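upload09.cif (mmCIF, C-alpha atoms) appears below.
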data_input
#
loop_
_atom_site.label_atom_id
_atom_site.label_comp_id
_atom_site.auth_asym_id
_atom_site.auth_seq_id
_atom_site.Cartn_x
_atom_site.Cartn_y
_atom_site.Cartn_z
CA MET O 66 -110.59 -17.35 -47.40
CA THR O 67 -111.20 -20.97 -48.40
CA ALA O 68 -107.89 -20.46 -50.20
CA PRO O 69 -104.87 -22.50 -49.07
CA LEU O 70 -103.04 -21.48 -45.90
CA SER O 71 -99.34 -21.70 -45.36
CA ILE O 72 -98.28 -23.84 -42.37
CA SER O 73 -94.94 -24.96 -41.07
CA LEU O 74 -94.48 -27.93 -38.81
CA HIS O 75 -92.19 -30.83 -37.99
CA VAL O 76 -93.24 -34.32 -38.97
CA ASN O 77 -91.05 -37.08 -37.55
CA GLY O 78 -88.32 -34.52 -37.00
CA GLU O 79 -88.39 -33.19 -40.53
CA SER O 80 -89.23 -29.53 -41.08
CA ILE O 81 -92.05 -28.96 -43.54
CA VAL O 82 -93.54 -25.76 -44.97
CA VAL O 83 -96.62 -26.39 -47.04
CA GLN O 84 -99.90 -24.99 -48.32
CA VAL O 85 -103.09 -26.67 -47.11
CA LEU O 86 -106.80 -26.07 -47.56
CA PRO O 87 -108.61 -25.14 -44.32
CA ARG O 88 -110.85 -28.22 -44.54
CA LEU O 89 -107.93 -30.67 -44.76
CA ASN O 90 -107.58 -32.72 -41.58
CA LEU O 91 -104.23 -33.83 -40.22
CA ALA O 92 -104.83 -37.50 -41.10
CA ASP O 93 -105.50 -36.73 -44.75
CA PHE O 94 -102.59 -34.30 -44.81
CA LEU O 95 -100.21 -37.00 -43.55
CA ARG O 96 -101.54 -39.64 -45.92
CA GLU O 97 -102.25 -37.65 -49.08
CA GLN O 98 -99.62 -34.93 -49.07
CA LEU O 99 -96.78 -36.60 -47.19
CA LYS O 100 -97.62 -40.18 -48.27
CA LEU O 101 -97.26 -41.34 -44.66
CA THR O 102 -99.94 -43.98 -45.02
CA GLY O 103 -99.22 -45.75 -41.75
CA THR O 104 -101.74 -43.42 -40.13
CA HIS O 105 -105.00 -45.17 -40.93
CA ILE O 106 -108.43 -43.63 -41.36
CA GLY O 107 -111.36 -45.67 -40.13
CA CYS O 108 -114.36 -43.73 -38.94
CA GLU O 109 -113.39 -40.07 -39.45
CA HIS O 110 -115.31 -39.01 -36.37
CA GLY O 111 -113.07 -39.93 -33.48
CA VAL O 112 -114.53 -43.30 -32.51
CA CYS O 113 -112.10 -45.92 -33.84
CA GLY O 114 -108.63 -44.61 -32.92
CA ALA O 115 -106.94 -45.89 -36.10
CA CYS O 116 -105.66 -42.38 -36.91
CA THR O 117 -103.93 -41.83 -33.54
CA VAL O 118 -100.68 -39.83 -33.81
CA ARG O 119 -98.59 -37.77 -31.40
CA VAL O 120 -98.76 -33.98 -31.53
CA ASP O 121 -96.36 -32.13 -29.23
CA GLY O 122 -95.85 -35.34 -27.28
CA GLU O 123 -99.53 -36.12 -26.67
CA ILE O 124 -101.67 -38.64 -28.47
CA VAL O 125 -104.53 -37.20 -30.53
CA ARG O 126 -107.03 -38.23 -33.19
CA SER O 127 -105.57 -36.90 -36.42
CA CYS O 128 -109.00 -37.04 -38.08
CA LEU O 129 -110.29 -34.48 -35.55
CA ILE O 130 -107.53 -31.91 -36.02
CA LEU O 131 -107.17 -29.63 -39.00
CA ALA O 132 -103.77 -29.53 -40.63
CA ALA O 133 -104.02 -25.77 -40.08
CA GLN O 134 -104.21 -26.35 -36.32
CA ALA O 135 -100.93 -28.28 -36.45
CA ASP O 136 -99.07 -25.18 -37.61
CA GLY O 137 -95.93 -24.98 -35.48
CA ALA O 138 -96.45 -28.44 -33.97
CA GLU O 139 -94.19 -31.49 -33.67
CA VAL O 140 -96.09 -34.38 -35.21
CA GLU O 141 -94.95 -37.99 -34.80
CA THR O 142 -96.50 -40.81 -36.76
CA ILE O 143 -96.06 -44.57 -36.69
CA GLU O 144 -93.35 -44.22 -39.37
CA GLY O 145 -91.32 -41.99 -37.06
CA LEU O 146 -91.77 -44.20 -34.01
CA SER O 147 -90.86 -47.29 -36.05
CA ASP O 148 -87.81 -45.80 -37.75
CA ASN O 149 -86.23 -44.40 -34.59
CA GLY O 150 -86.63 -47.68 -32.73
CA GLU O 151 -88.66 -46.17 -29.88
CA ILE O 152 -91.27 -48.91 -30.00
CA ALA O 153 -89.23 -51.80 -31.43
CA ASP O 154 -89.79 -53.92 -28.31
CA LEU O 155 -93.53 -53.21 -28.30
CA GLN O 156 -93.78 -54.11 -31.99
CA ALA O 157 -91.86 -57.35 -31.33
CA ALA O 158 -94.22 -58.18 -28.46
CA PHE O 159 -97.25 -57.61 -30.72
CA ARG O 160 -95.73 -59.96 -33.30
CA ASP O 161 -94.76 -62.62 -30.75
CA ARG O 162 -98.17 -62.62 -29.12
CA ASN O 163 -100.18 -62.42 -32.39
CA ALA O 164 -101.63 -59.15 -31.19
CA LEU O 165 -102.58 -58.21 -34.73
CA GLN O 166 -104.21 -59.89 -37.65
CA CYS O 167 -105.29 -57.54 -40.42
CA GLY O 168 -103.12 -54.77 -38.95
CA PHE O 169 -105.53 -51.90 -39.60
CA CYS O 170 -105.75 -50.82 -35.97
CA THR O 171 -102.12 -51.62 -35.16
CA PRO O 172 -100.43 -48.22 -35.78
CA GLY O 173 -102.99 -46.43 -33.57
CA MET O 174 -102.91 -49.23 -31.00
CA LEU O 175 -99.09 -49.09 -30.78
CA ILE O 176 -99.03 -45.31 -30.36
CA ALA O 177 -101.76 -45.38 -27.68
CA ALA O 178 -99.99 -48.24 -25.85
CA GLN O 179 -96.63 -46.47 -25.99
CA ASP O 180 -98.30 -43.36 -24.54
CA LEU O 181 -99.38 -45.38 -21.51
CA LEU O 182 -95.99 -47.11 -21.16
CA THR O 183 -94.14 -43.80 -21.14
CA ARG O 184 -96.41 -42.44 -18.39
CA GLU O 185 -96.79 -45.47 -16.15
CA ALA O 186 -94.17 -48.11 -15.36
CA GLU O 187 -96.55 -50.68 -13.92
CA PRO O 188 -99.96 -50.46 -15.57
CA ASP O 189 -102.17 -53.41 -14.68
CA ARG O 190 -104.52 -54.99 -17.20
CA THR O 191 -107.40 -52.74 -16.18
CA ARG O 192 -105.31 -49.62 -16.77
CA ILE O 193 -104.15 -50.98 -20.13
CA ARG O 194 -107.75 -51.66 -21.13
CA GLU O 195 -108.80 -48.17 -20.04
CA HIS O 196 -106.03 -46.50 -21.96
CA LEU O 197 -106.71 -48.47 -25.12
CA SER O 198 -110.49 -48.14 -24.78
CA GLY O 199 -110.56 -45.59 -27.60
CA ASN O 200 -108.96 -47.95 -30.11
CA TYR O 201 -111.09 -50.51 -31.91
CA CYS O 202 -109.68 -53.85 -33.02
CA ARG O 203 -112.05 -56.12 -34.96
CA CYS O 204 -109.69 -59.12 -35.28
CA THR O 205 -107.98 -60.05 -32.05
CA GLY O 206 -110.57 -59.76 -29.31
CA TYR O 207 -108.06 -57.55 -27.48
CA GLN O 208 -106.67 -60.20 -25.08
CA ALA O 209 -103.46 -60.64 -27.07
CA ILE O 210 -103.00 -56.88 -27.33
CA ILE O 211 -103.32 -56.51 -23.56
CA ASP O 212 -100.86 -59.40 -23.14
CA ALA O 213 -98.32 -57.75 -25.46
CA VAL O 214 -98.54 -54.37 -23.70
CA GLU O 215 -98.31 -56.00 -20.29
CA ALA O 216 -95.30 -58.08 -21.38
CA THR O 217 -93.56 -54.97 -22.76
CA ALA O 218 -94.16 -53.06 -19.52
CA ARG O 219 -92.66 -55.95 -17.56
CA ALA O 220 -89.65 -56.29 -19.87
CA ARG O 221 -88.92 -52.56 -19.68
CA ARG O 222 -89.08 -52.62 -15.88
CA GLU O 223 -86.66 -55.54 -15.77
CA ARG O 224 -84.23 -53.83 -18.13
CA LYS O 225 -84.00 -50.83 -15.80
CA PRO O 226 -81.19 -51.11 -13.21
CA MET W 296 -116.74 -38.35 -44.70
CA LYS W 297 -114.89 -35.09 -45.05
CA ALA W 298 -115.90 -31.65 -43.83
CA SER W 299 -117.24 -29.34 -46.50
CA ALA W 300 -115.18 -26.29 -47.47
CA PHE W 301 -114.98 -23.40 -45.05
CA CYS W 302 -112.94 -20.30 -44.33
CA TYR W 303 -110.50 -20.40 -41.43
CA ALA W 304 -109.49 -17.55 -39.16
CA ARG W 305 -107.13 -17.97 -36.23
CA ALA W 306 -108.23 -15.51 -33.54
CA THR W 307 -105.36 -13.35 -32.31
CA SER W 308 -107.12 -12.26 -29.09
CA VAL W 309 -110.45 -12.70 -27.32
CA GLY W 310 -111.45 -9.29 -28.70
CA ASN W 311 -110.57 -10.40 -32.22
CA ALA W 312 -112.62 -13.61 -31.80
CA ILE W 313 -115.63 -11.58 -30.64
CA GLU W 314 -115.24 -9.20 -33.59
CA LEU W 315 -115.24 -12.14 -35.98
CA LEU W 316 -118.34 -13.60 -34.32
CA ALA W 317 -120.06 -10.20 -34.39
CA ALA W 318 -119.35 -9.91 -38.11
CA HIS W 319 -120.36 -13.44 -39.09
CA GLY W 320 -122.98 -14.47 -36.50
CA ASP W 321 -124.41 -17.94 -36.92
CA ARG W 322 -122.50 -18.50 -40.16
CA ALA W 323 -119.40 -18.91 -37.98
CA ARG W 324 -118.46 -21.59 -35.45
CA VAL W 325 -115.87 -21.39 -32.74
CA LEU W 326 -113.18 -24.09 -32.90
CA SER W 327 -111.82 -24.85 -29.44
CA GLY W 328 -110.56 -28.44 -29.05
CA GLY W 329 -112.68 -29.57 -31.98
CA GLN W 330 -113.56 -32.95 -30.49
CA SER W 331 -117.29 -32.45 -31.00
CA LEU W 332 -117.23 -29.85 -33.78
CA MET W 333 -114.93 -31.80 -36.11
CA PRO W 334 -116.97 -35.04 -35.98
CA ALA W 335 -120.14 -33.03 -36.66
CA MET W 336 -118.45 -31.32 -39.60
CA ASN W 337 -116.95 -34.56 -40.94
CA LEU W 338 -120.43 -36.10 -40.79
CA ARG W 339 -121.78 -32.95 -42.53
CA LEU W 340 -124.19 -32.35 -39.67
CA LEU W 341 -122.66 -28.88 -39.52
CA ALA W 342 -121.26 -26.86 -42.40
CA PRO W 343 -120.18 -23.45 -41.09
CA GLU W 344 -118.89 -20.88 -43.54
CA LEU W 345 -116.22 -19.67 -41.14
CA ILE W 346 -114.21 -21.41 -38.44
CA VAL W 347 -112.89 -19.11 -35.73
CA ASP W 348 -109.99 -21.01 -34.16
CA ILE W 349 -109.48 -19.85 -30.56
CA GLY W 350 -106.93 -22.62 -29.86
CA ARG W 351 -103.98 -20.24 -29.45
CA LEU W 352 -105.61 -17.87 -26.94
CA GLY W 353 -103.56 -18.77 -23.87
CA GLU W 354 -105.48 -16.21 -21.80
CA LEU W 355 -108.52 -18.53 -21.98
CA SER W 356 -106.68 -21.45 -20.41
CA GLY W 357 -106.03 -22.27 -16.78
CA ILE W 358 -107.39 -23.25 -13.38
CA SER W 359 -107.46 -20.85 -10.45
CA VAL W 360 -108.89 -21.03 -6.95
CA SER W 361 -109.65 -17.94 -4.88
CA GLY W 362 -112.28 -16.71 -2.47
CA GLY W 363 -114.00 -20.08 -2.20
CA CYS W 364 -114.46 -20.21 -5.95
CA ILE W 365 -112.84 -22.29 -8.66
CA ARG W 366 -112.50 -20.71 -12.08
CA ILE W 367 -111.64 -22.62 -15.23
CA GLY W 368 -110.74 -20.93 -18.50
CA ALA W 369 -112.80 -22.13 -21.44
CA LEU W 370 -109.78 -23.51 -23.28
CA THR W 371 -108.64 -25.72 -20.41
CA ARG W 372 -108.34 -29.24 -21.74
CA HIS W 373 -109.98 -32.30 -20.17
CA SER W 374 -106.54 -33.84 -19.62
CA GLU W 375 -105.47 -30.76 -17.61
CA LEU W 376 -108.57 -31.06 -15.41
CA PHE W 377 -107.84 -34.77 -15.05
CA ARG W 378 -104.30 -34.13 -13.80
CA SER W 379 -105.06 -31.03 -11.73
CA SER W 380 -104.47 -31.29 -7.99
CA GLU W 381 -106.75 -28.25 -7.46
CA ILE W 382 -109.63 -30.07 -9.15
CA ALA W 383 -108.94 -33.27 -7.22
CA THR W 384 -108.90 -31.35 -3.93
CA HIS W 385 -111.62 -28.76 -4.44
CA SER W 386 -113.94 -30.42 -6.91
CA PRO W 387 -113.71 -34.21 -6.69
CA LEU W 388 -117.00 -34.60 -8.59
CA VAL W 389 -115.38 -33.13 -11.70
CA ALA W 390 -112.19 -35.14 -11.19
CA GLU W 391 -114.25 -38.31 -11.14
CA ALA W 392 -116.47 -37.34 -14.07
CA ILE W 393 -113.55 -36.44 -16.33
CA ALA W 394 -112.35 -40.05 -16.26
CA HIS W 395 -115.55 -40.91 -18.14
CA VAL W 396 -115.13 -38.22 -20.80
CA ALA W 397 -114.24 -40.09 -23.98
CA HIS W 398 -110.72 -41.54 -24.33
CA PRO W 399 -107.21 -40.27 -23.54
CA ALA W 400 -106.51 -39.03 -27.08
CA ILE W 401 -109.75 -37.05 -27.07
CA ARG W 402 -109.23 -35.70 -23.54
CA ASN W 403 -105.88 -34.33 -24.72
CA ARG W 404 -107.67 -31.99 -27.13
CA GLY W 405 -111.23 -31.48 -25.86
CA THR W 406 -111.88 -28.41 -23.71
CA ILE W 407 -114.36 -27.59 -20.95
CA GLY W 408 -115.64 -24.54 -22.80
CA GLY W 409 -116.14 -26.56 -25.94
CA SER W 410 -118.04 -29.26 -24.10
CA LEU W 411 -120.34 -26.76 -22.37
CA ALA W 412 -120.97 -24.68 -25.50
CA HIS W 413 -121.66 -27.83 -27.52
CA ALA W 414 -124.24 -28.94 -24.91
CA ASP W 415 -124.55 -32.58 -25.83
CA PRO W 416 -127.21 -34.04 -23.50
CA ALA W 417 -125.03 -37.15 -23.06
CA ALA W 418 -121.95 -35.17 -21.99
CA GLU W 419 -120.62 -35.39 -18.44
CA LEU W 420 -119.47 -31.81 -17.79
CA PRO W 421 -122.79 -30.04 -18.43
CA ALA W 422 -124.46 -32.29 -15.83
CA CYS W 423 -121.62 -31.62 -13.36
CA MET W 424 -121.98 -27.87 -13.88
CA VAL W 425 -125.68 -28.01 -13.00
CA ALA W 426 -124.95 -30.21 -9.96
CA LEU W 427 -122.29 -27.74 -8.79
CA ASN W 428 -124.43 -24.62 -9.34
CA ALA W 429 -121.77 -23.32 -11.71
CA THR W 430 -121.84 -19.97 -13.45
CA ILE W 431 -120.92 -19.75 -17.12
CA ILE W 432 -119.23 -16.56 -18.27
CA ALA W 433 -119.83 -15.36 -21.81
CA ARG W 434 -118.26 -12.33 -23.42
CA GLY W 435 -119.65 -10.37 -26.36
CA ALA W 436 -119.21 -6.93 -27.87
CA ALA W 437 -121.36 -5.44 -25.07
CA GLY W 438 -119.32 -7.01 -22.27
CA GLU W 439 -119.58 -10.04 -20.01
CA ARG W 440 -122.65 -11.96 -19.00
CA ARG W 441 -122.90 -14.50 -16.16
CA ILE W 442 -125.34 -17.33 -16.73
CA ALA W 443 -126.36 -19.95 -14.16
CA ALA W 444 -125.68 -23.46 -15.48
CA ALA W 445 -129.30 -24.40 -14.76
CA ASP W 446 -130.41 -21.72 -17.25
CA PHE W 447 -127.59 -22.24 -19.75
CA PHE W 448 -128.58 -25.56 -21.32
CA ARG W 449 -131.66 -25.12 -23.50
CA GLY W 450 -131.96 -28.29 -25.55
CA ILE W 451 -129.98 -30.73 -27.69
CA CYS W 452 -126.83 -28.74 -28.54
CA GLN W 453 -128.74 -25.54 -27.64
CA THR W 454 -127.53 -23.02 -25.06
CA ALA W 455 -128.22 -19.51 -23.84
CA LEU W 456 -125.17 -18.25 -25.76
CA SER W 457 -125.92 -15.94 -28.66
CA PRO W 458 -123.98 -16.50 -31.91
CA HIS W 459 -122.08 -13.30 -31.10
CA GLU W 460 -120.82 -14.44 -27.72
CA LEU W 461 -117.78 -16.43 -26.69
CA LEU W 462 -117.82 -18.68 -23.62
CA VAL W 463 -114.68 -17.55 -21.79
CA ALA W 464 -114.78 -19.27 -18.40
CA VAL W 465 -116.82 -21.19 -15.87
CA GLU W 466 -116.86 -20.82 -12.10
CA TRP W 467 -118.26 -22.83 -9.26
CA PRO W 468 -117.95 -22.92 -5.49
CA VAL W 469 -115.18 -24.98 -3.92
CA ALA W 470 -116.68 -28.11 -2.35
CA PRO W 471 -117.04 -27.55 1.43
CA LYS W 472 -115.52 -30.08 3.84
CA SER W 473 -118.90 -31.63 4.68
CA SER W 474 -119.77 -32.23 1.06
CA ALA W 475 -120.04 -35.54 -0.70
CA HIS W 476 -120.33 -36.39 -4.36
CA PHE W 477 -121.24 -39.21 -6.70
CA PHE W 478 -120.56 -39.78 -10.36
CA SER W 479 -121.39 -42.85 -12.36
CA GLU W 480 -122.50 -43.68 -15.85
CA LEU W 481 -123.48 -46.75 -17.76
CA ALA W 482 -122.03 -47.15 -21.25
CA ARG W 483 -121.32 -50.11 -23.50
CA ARG W 484 -117.63 -49.22 -23.84
CA ARG W 485 -115.57 -47.20 -21.39
CA GLY W 486 -115.49 -43.65 -22.70
CA ASP W 487 -118.44 -44.00 -25.05
CA TYR W 488 -121.52 -41.84 -24.69
CA ALA W 489 -123.42 -42.76 -21.57
CA ILE W 490 -126.72 -44.58 -21.94
CA VAL W 491 -127.55 -42.91 -18.61
CA GLY W 492 -125.30 -41.07 -16.17
CA LEU W 493 -125.67 -39.32 -12.83
CA ALA W 494 -123.63 -36.48 -11.33
CA ALA W 495 -124.56 -35.54 -7.78
CA GLN W 496 -123.25 -33.05 -5.26
CA ALA W 497 -124.51 -33.21 -1.68
CA VAL W 498 -123.99 -32.18 1.91
CA VAL W 499 -124.44 -35.01 4.40
CA GLU W 500 -124.75 -34.53 8.15
CA ASN W 501 -125.60 -37.22 10.69
CA GLY W 502 -126.70 -39.63 8.03
CA ARG W 503 -129.05 -37.12 6.41
CA LEU W 504 -128.83 -35.22 3.16
CA ILE W 505 -128.83 -31.51 3.98
CA ASP W 506 -128.35 -30.58 0.35
CA PHE W 507 -128.68 -32.88 -2.65
CA ARG W 508 -128.38 -32.05 -6.34
CA PRO W 509 -128.63 -35.21 -8.46
CA VAL W 510 -128.33 -34.36 -12.16
CA PHE W 511 -128.93 -37.01 -14.80
CA LEU W 512 -127.34 -36.99 -18.22
CA SER W 513 -128.62 -38.66 -21.35
CA VAL W 514 -132.24 -38.82 -20.12
CA GLY W 515 -133.58 -35.87 -22.08
CA ASP W 516 -132.57 -32.88 -24.17
CA ARG W 517 -130.43 -31.30 -21.41
CA PRO W 518 -128.99 -32.14 -17.97
CA ARG W 519 -131.87 -33.00 -15.64
CA LEU W 520 -131.86 -31.98 -11.98
CA ALA W 521 -134.21 -34.58 -10.52
CA ASP W 522 -137.19 -33.15 -8.59
CA VAL W 523 -137.21 -36.28 -6.47
CA ALA W 524 -134.23 -34.87 -4.55
CA ASP W 525 -136.60 -32.67 -2.51
CA SER W 526 -138.27 -35.68 -0.91
CA LEU W 527 -134.92 -37.00 0.32
CA ILE W 528 -133.65 -33.85 2.03
CA ASN W 529 -133.25 -33.70 5.81
CA THR W 530 -134.84 -37.03 6.52
CA VAL W 531 -133.83 -40.59 7.27
CA VAL W 532 -133.99 -42.56 4.04
CA THR W 533 -135.92 -45.71 4.97
CA PRO W 534 -136.43 -48.57 2.51
CA ALA W 535 -140.05 -47.40 2.13
CA LEU W 536 -138.99 -43.81 1.33
CA MET W 537 -136.39 -45.17 -1.05
CA SER W 538 -138.93 -47.16 -2.94
CA GLN W 539 -141.25 -44.12 -3.13
CA ALA W 540 -138.39 -42.01 -4.44
CA LEU W 541 -137.55 -44.52 -7.14
CA GLN W 542 -141.20 -44.65 -8.16
CA ALA W 543 -141.29 -40.85 -8.29
CA LEU W 544 -138.15 -40.80 -10.44
CA ASP W 545 -139.73 -43.34 -12.76
CA GLU W 546 -142.73 -41.05 -13.22
CA GLU W 547 -140.62 -37.91 -13.49
CA LEU W 548 -138.30 -39.00 -16.29
CA ASP W 549 -139.36 -39.42 -19.90
CA PRO W 550 -136.10 -40.37 -21.60
CA PRO W 551 -135.78 -40.78 -25.36
CA ALA W 552 -135.30 -44.10 -27.14
CA ASP W 553 -132.47 -44.63 -29.62
CA GLN W 554 -130.35 -47.48 -30.94
CA GLU W 555 -128.55 -47.70 -27.58
CA ALA W 556 -131.56 -48.16 -25.33
CA SER W 557 -135.32 -47.84 -25.05
CA GLY W 558 -136.89 -45.16 -22.86
CA ALA W 559 -137.95 -47.84 -20.37
CA MET W 560 -134.38 -49.17 -20.13
CA ARG W 561 -133.06 -45.66 -19.49
CA ARG W 562 -135.68 -45.09 -16.76
CA HIS W 563 -134.67 -48.38 -15.14
CA LEU W 564 -130.96 -47.55 -15.28
CA ALA W 565 -131.61 -44.07 -13.88
CA LYS W 566 -133.23 -45.71 -10.84
CA VAL W 567 -130.25 -48.05 -10.48
CA LEU W 568 -127.89 -45.07 -10.47
CA LEU W 569 -130.00 -43.12 -7.95
CA ALA W 570 -129.99 -46.13 -5.60
CA ARG W 571 -126.21 -46.50 -5.95
CA CYS W 572 -125.81 -42.77 -5.40
CA LEU W 573 -127.79 -42.75 -2.15
CA ALA W 574 -126.05 -45.90 -0.94
CA LYS W 575 -122.68 -44.25 -1.44
CA LEU W 576 -123.54 -40.78 -0.13
CA LEU W 577 -125.20 -42.10 3.01
CA GLY W 578 -122.85 -45.07 3.49
CA ARG W 579 -125.84 -47.40 3.33
CA PRO W 580 -125.20 -50.35 0.99
CA ASP W 581 -128.62 -51.73 2.00
CA LEU W 582 -130.30 -49.04 -0.12
CA CYS W 583 -128.97 -50.76 -3.26
CA SER W 584 -130.47 -54.14 -2.49
CA GLY W 585 -133.21 -55.17 -4.84
CA VAL W 586 -132.19 -52.63 -7.48
CA SER W 587 -129.83 -54.01 -10.08
CA ALA W 588 -128.83 -53.21 -13.61
#
The structure given in the file should be rewritten as structure tokens.
Amino acid sequence: MTAPLSISLHVNGESIVVQVLPRLNLADFLREQLKLTGTHIGCEHGVCGACTVRVDGEIVRSCLILAAQADGAEVETIEGLSDNGEIADLQAAFRDRNALQCGFCTPGMLIAAQDLLTREAEPDRTRIREHLSGNYCRCTGYQAIIDAVEATARARRERKP
Amino acid sequence: MKASAFCYARATSVGNAIELLAAHGDRARVLSGGQSLMPAMNLRLLAPELIVDIGRLGELSGISVSGGCIRIGALTRHSELFRSSEIATHSPLVAEAIAHVAHPAIRNRGTIGGSLAHADPAAELPACMVALNATIIARGAAGERRIAAADFFRGICQTALSPHELLVAVEWPVAPKSSAHFFSELARRRGDYAIVGLAAQAVVENGRLIDFRPVFLSVGDRPRLADVADSLINTVVTPALMSQALQALDEELDPPADQEASGAMRRHLAKVLLARCLAKLLGRPDLCSGVSA
């Protein structure tokens, strides 16, 4: 039974049917089999948040889910969120505010921040910090990231009629 | 690191999961949310031969309140508890504790049954279950067994569950109107494992504790209901009594040392949390004076 399993799922809207080994986690599946290398792998035990993706609309650690568990799921990665323009303003705010340096944490940070922004229209800095607490950044010292998320929340509120 | 190779079976029913566990015993592990199991497997601390994935068993999920009792299916995720109005109304201790359970992405997957069966001494929910006098319900081939939370946790990641049993639900009494609660933990980063934490459920009348169950986490190999509670019941907590109680707690606890903190630091922080707890429960900020982290 360690033999490959057949799974079918959607990744960034695309239907995929594929064979995977039981031990393969979702992060490795995305990176190795689908070549979606925007999902980064840092710690592989759920501490750093670099592998954050969306599964069925909720953010998860892709290093802590087996590809087999994603059978039937809708998976969205940073490539999907970038290509469809959903987070274009957030990405621009990160760039404007220098909220990244090496960029390793950025995909996970953007997905976690977007999760908060879709749930809450007016998160204050404490809420932003809380929501991003599971994502490590070793370059920025976080202040610029909080600034960028706060600025995006404000801009989105102002755009609404 | 990566998990070592294993076989994978997706349980089709609770009965099917129990059959698989009966056939494979301790060579199998149950995969619920996977937020503790997967890290342990990726770190090769665990290398089960078979993973029994119960993640699709909808019958194990859900929150219900009836007859003064709240029942949570084992597969109920932390994020569901966090958002639940029933939990907020009937069990505010758990609502408050859940905010300290890891981070949003982990709360979206982690389950209450998984947390209890994993029995990490630093986890929030096991301590809450002991504070709430919860009953854990396990099902095996021979039927169901009800286990008091105080008897369930047996050591670091050790419980009263046999390898052939599946934790299916947990129940505890709805908090009565006169009840009060306290939850706090000290950690270096929000959502990280607590250096020390305290979950307490109490009944307060006329400025006195009629019932008081303070349970510490991360001070030993399992949740610790502090004996010192007895000396604080049905009496006026004076500064002198407070100082005696803190001294007694200091003598009672023998926490482990690790890279996070020494045993002495944990004992000190436990006293800080007990002082904050009593100050909040009794509405007496003065009880916190002179005790600081």
Given the PyMOL selection byres ((chain W) within 9 of (chain O)) and the file above, list the residues it selects as an MDAnalysis selection string. chainID W and resid 296:305 328:338 345:346 348 350 397:404 484:487
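The nearest approach to Ile451 in chain W among the residues W:Leu326, W:Ala412, W:Ile358, W:Leu536, with all atoms listed in the file taken into account, belongs to W:Ala412.
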Could you give me, as a list in words, the residues that have an atom at most 8 Å away from the point (-100.5, -27.3, -48.4) in the coordinates of the file, using all atoms listed in the file? Pro69, Leu70, Ser71, Ile72, Val82, Val83, Gln84, Val85, Leu86 and Gln98 of chain O
What separation in Å, quoted to one decimal, exists between CA of Leu582 in chain W and CA of Ala394 in chain W? 25.8 Å
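When you apply the PyMOL selection byres ((chain O and resi 154) around 12) to this structure, what comes back is Leu146, Ser147, Asn149, Gly150, Glu151, Ile152, Ala153, Leu155, Gln156, Ala157, Ala158, Phe159, Arg160, Asp161, Leu175, Ala178, Gln179, Leu182, Ala213, Val214, Glu215, Ala216, Thr217, Ala218, Arg219, Ala220, Arg221 and Arg224 of chain O.
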Those residues with C-alpha atoms, as a tab-separated table (two decimals), in the frame of the given file please?
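Final file, selection.tsv:
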chain	number	residue	atom	x	y	z
O	146	LEU	CA	-91.77	-44.20	-34.01
O	147	SER	CA	-90.86	-47.29	-36.05
O	149	ASN	CA	-86.23	-44.40	-34.59
O	150	GLY	CA	-86.63	-47.68	-32.73
O	151	GLU	CA	-88.66	-46.17	-29.88
O	152	ILE	CA	-91.27	-48.91	-30.00
O	153	ALA	CA	-89.23	-51.80	-31.43
O	155	LEU	CA	-93.53	-53.21	-28.30
O	156	GLN	CA	-93.78	-54.11	-31.99
O	157	ALA	CA	-91.86	-57.35	-31.33
O	158	ALA	CA	-94.22	-58.18	-28.46
O	159	PHE	CA	-97.25	-57.61	-30.72
O	160	ARG	CA	-95.73	-59.96	-33.30
O	161	ASP	CA	-94.76	-62.62	-30.75
O	175	LEU	CA	-99.09	-49.09	-30.78
O	178	ALA	CA	-99.99	-48.24	-25.85
O	179	GLN	CA	-96.63	-46.47	-25.99
O	182	LEU	CA	-95.99	-47.11	-21.16
O	213	ALA	CA	-98.32	-57.75	-25.46
O	214	VAL	CA	-98.54	-54.37	-23.70
O	215	GLU	CA	-98.31	-56.00	-20.29
O	216	ALA	CA	-95.30	-58.08	-21.38
O	217	THR	CA	-93.56	-54.97	-22.76
O	218	ALA	CA	-94.16	-53.06	-19.52
O	219	ARG	CA	-92.66	-55.95	-17.56
O	220	ALA	CA	-89.65	-56.29	-19.87
O	221	ARG	CA	-88.92	-52.56	-19.68
O	224	ARG	CA	-84.23	-53.83	-18.13
If you count all atoms listed in the file, the residue of O:Leu74, O:Ala164, O:Ala186, O:Val140 closest to Asp212 in chain O turns out to be O:Ala164
Could you expand the PyMOL selection byres ((chain W and resi 524-528) around 9) into the explicit residues it covers here, written as a VMD selection string? chain W and resid 503 to 509 520 to 523 529 to 532 536 to 537 540
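Within the 6 Å cut-off around Glu141 in chain O, using all atoms listed in the file and omitting residues fewer than 3 positions from it on the same chain, the listed residues are O:Val76, O:Asn77, O:Arg119, O:Gly145.
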Those residues with C-alpha atoms, as a PDB file, keeping the file's coordinate frame please?
ATOM      1  CA  VAL O  76     -93.240 -34.320 -38.970  1.00  0.00           C
ATOM      2  CA  ASN O  77     -91.050 -37.080 -37.550  1.00  0.00           C
ATOM      3  CA  ARG O 119     -98.590 -37.770 -31.400  1.00  0.00           C
ATOM      4  CA  GLY O 145     -91.320 -41.990 -37.060  1.00  0.00           C
TER       5      GLY O 145
END
I want to know what sits within 7 Å of range 559-567 of chain W, based on all atoms listed in the file, with residues of the same chain fewer than 6 positions away left out; could you give that as a VMD selection string? chain W and resid 490 to 491 514 541 544 to 545 548 550 586 to 588
